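First up is the structure itself, then whatever we jot down about it.
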Amino acid sequence: MSAIAPAATAPESAAGRSFLLERVQPALSGLMDGSLSTLAPIFAVALATHRPLTAFFTGAATALGAGVSMAFSEGLSDTGDLTGRGSPVLRGAITGGGTFAGGIFHTLPFLIPGFGAAIGAAVAVVAGELLVLAWLRHRFFRTGFARSFLAITVGGAIIAALSAGLGIAAGG
């Protein structure tokens with residue numbers, strides 16, 4: 001069986017289950033956390049200051065901090081001995097790397113100097129991230145694509161609305 005076997009075949013073998021538990025689930029957890037949790041500080045700062053570079057540094061710091069936090073959290077959550085989830089160091093590295101990646105991609109557009117262009121590009125990147133997350137859940141965990149996209153989008157919309165409100169309030 002290939003290491004990237006689709007979910008339809010993965011549960012049929014121990015190797016497939018192991019791949020899902022030790023690699024895919026930590027990566028997806030990290031990507032989802034990074035993509036969603038970093039939205040609030042980045043967009044709140046962007047809307048409060050209208051300074052894309054300030055939002056970029058906020059996003060970079062948030063992505064780095066969240067990545068390290070999630071790496072330690074996953075790595076220390078269990079040894080893998082009882083759960084069969086594999087090496088805690090590897091799971092932590094995968095989760096932390098996924099969290100950083102999920103947070104940094106929609107931070108990069110804030111390197112664009114114009115506020116409107118930076119916000120527009122960041123929103124487009126977030127939309128792309130939501131599509132990728134829904135596809136990954138569909139591909140590896142047999143979740144319906146539309147249902148997965150809706151669930152992830154609702155979470156993102158709640159975070160975006162809260163951070164936009166805070167950013168606008170802070171900006172006066």
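By convention here, the chains of the structure tokens are called A, B, ... in the order presented, each chain's residues are numbered starting at 1, and ligands are numbered starting at 1 in the order presented.
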
Self-check item: Members of segment 91-149 of chain A assigned helix (DSSP H, G or I) by DSSP, as a PyMOL selection string
Solution: chain A and resi 91-104+108-111+115-141+145-149

Exercise. Write out as a ChimeraX atom specification each polymer residue whose atoms come within 12 Å of Gly155 of chain A, counting only C-alpha atoms; drop sequence neighbours fewer than 3 positions from it.
Key: /A:32-33,35-37,39-40,130,148-152,158-162

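Using only C-alpha atoms for every distance, the candidate list A:Gly80, A:Gly144, A:Gly16, A:Gly103 yields A:Gly103 as the residue closest to Ile42 of chain A.
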
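Of the residues under consideration (A:Leu31, A:Ala46, A:Ala122, A:Leu82), A:Leu31 shows the shortest atom-to-atom contact distance to Ala66 of chain A when counting only C-alpha atoms.
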
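Neighbouring residues of Ala63 of chain A at 8 Å or closer, counting only C-alpha atoms and skipping chain neighbours under 3 positions away, are Gly34, Thr38, Gly59, Ala60, Ala66, Gly67, Thr99, Phe100, Ala101, Gly102, Gly103 and Ile104 of chain A.
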
At a cut-off of 7 Å, using only C-alpha atoms, what residues contact segment 86-88 of chain A? Leave out same-chain residues fewer than 3 positions from it and give the result as a PDB file with N, CA and C atoms, in the first residue's frame.
ATOM      1  N   GLU A  22      -0.577   8.816  12.612  1.00  0.00           N
ATOM      2  CA  GLU A  22       0.741   9.360  12.899  1.00  0.00           C
ATOM      3  C   GLU A  22       1.144  10.521  12.010  1.00  0.00           C
ATOM      4  N   GLY A  75       3.315  16.885  20.938  1.00  0.00           N
ATOM      5  CA  GLY A  75       4.427  16.023  21.336  1.00  0.00           C
ATOM      6  C   GLY A  75       4.337  15.545  22.768  1.00  0.00           C
ATOM      7  N   LEU A  76       3.743  16.364  23.632  1.00  0.00           N
ATOM      8  CA  LEU A  76       3.637  16.001  25.044  1.00  0.00           C
ATOM      9  C   LEU A  76       2.283  15.389  25.402  1.00  0.00           C
ATOM     10  N   ASP A  78       0.831  12.545  24.443  1.00  0.00           N
ATOM     11  CA  ASP A  78       0.964  11.137  24.812  1.00  0.00           C
ATOM     12  C   ASP A  78       2.239  10.584  24.210  1.00  0.00           C
ATOM     13  N   THR A  79       2.733   9.530  24.794  1.00  0.00           N
ATOM     14  CA  THR A  79       3.985   8.940  24.317  1.00  0.00           C
ATOM     15  C   THR A  79       3.791   8.124  23.048  1.00  0.00           C
ATOM     16  N   GLY A  80       2.570   7.798  22.737  1.00  0.00           N
ATOM     17  CA  GLY A  80       2.282   6.953  21.589  1.00  0.00           C
ATOM     18  C   GLY A  80       2.268   5.482  21.941  1.00  0.00           C
ATOM     19  N   ARG A  91       5.172  13.437  15.651  1.00  0.00           N
ATOM     20  CA  ARG A  91       3.812  14.011  15.626  1.00  0.00           C
ATOM     21  C   ARG A  91       3.853  15.488  15.974  1.00  0.00           C
ATOM     22  N   GLY A  92       4.661  15.848  16.975  1.00  0.00           N
ATOM     23  CA  GLY A  92       4.789  17.249  17.365  1.00  0.00           C
ATOM     24  C   GLY A  92       5.356  18.099  16.242  1.00  0.00           C
TER      25      GLY A  92
END

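In terms of minimum interatomic distance to Pro41 of chain A, A:Ala61 ranks closest within A:Ala121, A:Met70, A:Ala61, A:Ala134, counting only C-alpha atoms.
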